[in-house]
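Below: one structure, written as structure tokens.
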Amino acid sequence: MNKKSRDNSKSPLRMTRQRRVILDELRKVTSHPTADEIYNMVRRRLPGISLGTVYRNLEILSGNGMIQKIESSGSARRYDGNVKIHYHVRCVRCGRVDDLPLSTLPVLERAVRKGCGYEILGYSLEFVGICPNCGKLPKTKKERQDKNGTQRK
Ligand SMILES: [Zn+2]
Ligand SMILES: [Zn+2]
């Protein structure tokens with residue numbers, strides 16, 4: 001990695017109008033929308049924009065550290081306009097992702113930094129569960145088996 005690309009905290013990413021609107025819309029919400037959802041939000045302000053353009057700009061913005069990408073196998077990639085370290089909880093049924101109302105755990109960060117020999121650049125921590133909406137629905141057969149004996153009620 002050369003010096004130029006390393007200290008990119010101030011390097012000016014060319015902010016096209018499209019990029020600005022995408023960033024703007026994403027920062028307004030805490031719902032961690034998928035690219036499709038962002039496309040629908042952005043389209044109200046930029047009716048001509050294509051889904052491909054939205055995708056491409058989301059990749060550029062996340063590559064630049066201006067937004068966060070939330071990836072987990074088996075569910076659609078989501079995006080977060082909040083790039084400060086914070087913790088997520090994800091619903092295994094509908095894929096909804098919420099922020100956890102927790103402060104970060106410096107003790108955890110310090111322990112990792114000391115312990116592994118890596119230069120730690122960041123991390124993500126995600127809990128999984130069943131969201132309040134999905135919790136109202138009966139459990140699937142598989143979930144009953146998975147949680148054998150530990151399910152409430
Ligand atoms: Zn859910
Ligand atoms: Zn978040």
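Labeling convention for the structure tokens: chains A, B, ... as they appear, residues from 1 per chain, ligands from 1 in order of appearance.
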| request: Would you mind listing the residues within 7 Å of ligand 2, counting only C-alpha atoms and all ligand atoms, as a PyMOL selection string? | output: chain A and resi 30+32+80+82+86-88+98-99
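Residues of protein, DNA or RNA lying at most 8 Å from ligand 1, when only C-alpha atoms and all ligand atoms are considered, are Arg90, Cys91, Val92, Arg93, Cys94, Gly95, Arg96, Ile130, Cys131, Pro132, Asn133, Cys134 and Gly135 of chain A.
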Would you export the selected residues with N, CA and C atoms as an mmCIF file, in the first residue's frame, please?
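Result written to part-v8.cif:
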data_model
loop_
_atom_site.group_PDB
_atom_site.id
_atom_site.type_symbol
_atom_site.label_atom_id
_atom_site.label_comp_id
_atom_site.auth_asym_id
_atom_site.auth_seq_id
_atom_site.Cartn_x
_atom_site.Cartn_y
_atom_site.Cartn_z
ATOM 1 N N ARG A 90 -28.885 -8.808 14.519
ATOM 2 C CA ARG A 90 -29.524 -9.151 13.248
ATOM 3 C C ARG A 90 -30.558 -10.246 13.457
ATOM 4 N N CYS A 91 -31.701 -10.046 12.829
ATOM 5 C CA CYS A 91 -32.762 -11.050 12.912
ATOM 6 C C CYS A 91 -32.479 -12.168 11.920
ATOM 7 N N VAL A 92 -32.474 -13.390 12.413
ATOM 8 C CA VAL A 92 -32.171 -14.519 11.522
ATOM 9 C C VAL A 92 -33.337 -14.839 10.597
ATOM 10 N N ARG A 93 -34.499 -14.283 10.911
ATOM 11 C CA ARG A 93 -35.650 -14.574 10.051
ATOM 12 C C ARG A 93 -35.813 -13.579 8.920
ATOM 13 N N CYS A 94 -35.872 -12.296 9.249
ATOM 14 C CA CYS A 94 -36.181 -11.319 8.198
ATOM 15 C C CYS A 94 -34.950 -10.534 7.764
ATOM 16 N N GLY A 95 -33.825 -10.705 8.455
ATOM 17 C CA GLY A 95 -32.602 -10.027 8.049
ATOM 18 C C GLY A 95 -32.480 -8.608 8.565
ATOM 19 N N ARG A 96 -33.498 -8.156 9.309
ATOM 20 C CA ARG A 96 -33.439 -6.798 9.869
ATOM 21 C C ARG A 96 -32.201 -6.647 10.754
ATOM 22 N N ILE A 130 -33.985 -13.086 17.075
ATOM 23 C CA ILE A 130 -35.257 -12.958 16.383
ATOM 24 C C ILE A 130 -35.857 -11.633 16.814
ATOM 25 N N CYS A 131 -36.174 -10.792 15.832
ATOM 26 C CA CYS A 131 -36.624 -9.437 16.138
ATOM 27 C C CYS A 131 -38.040 -9.467 16.730
ATOM 28 N N PRO A 132 -38.461 -8.365 17.347
ATOM 29 C CA PRO A 132 -39.788 -8.349 17.986
ATOM 30 C C PRO A 132 -40.922 -8.702 17.022
ATOM 31 N N ASN A 133 -40.835 -8.233 15.787
ATOM 32 C CA ASN A 133 -41.901 -8.557 14.829
ATOM 33 C C ASN A 133 -41.952 -10.046 14.553
ATOM 34 N N CYS A 134 -40.800 -10.614 14.256
ATOM 35 C CA CYS A 134 -40.762 -12.038 13.939
ATOM 36 C C CYS A 134 -41.046 -12.884 15.171
ATOM 37 N N GLY A 135 -40.757 -12.342 16.343
ATOM 38 C CA GLY A 135 -40.987 -13.088 17.580
ATOM 39 C C GLY A 135 -42.453 -13.365 17.830
#
Students should find that atom CA of A:Arg77 and atom CA of A:Ala35 are spaced 7.5 Å
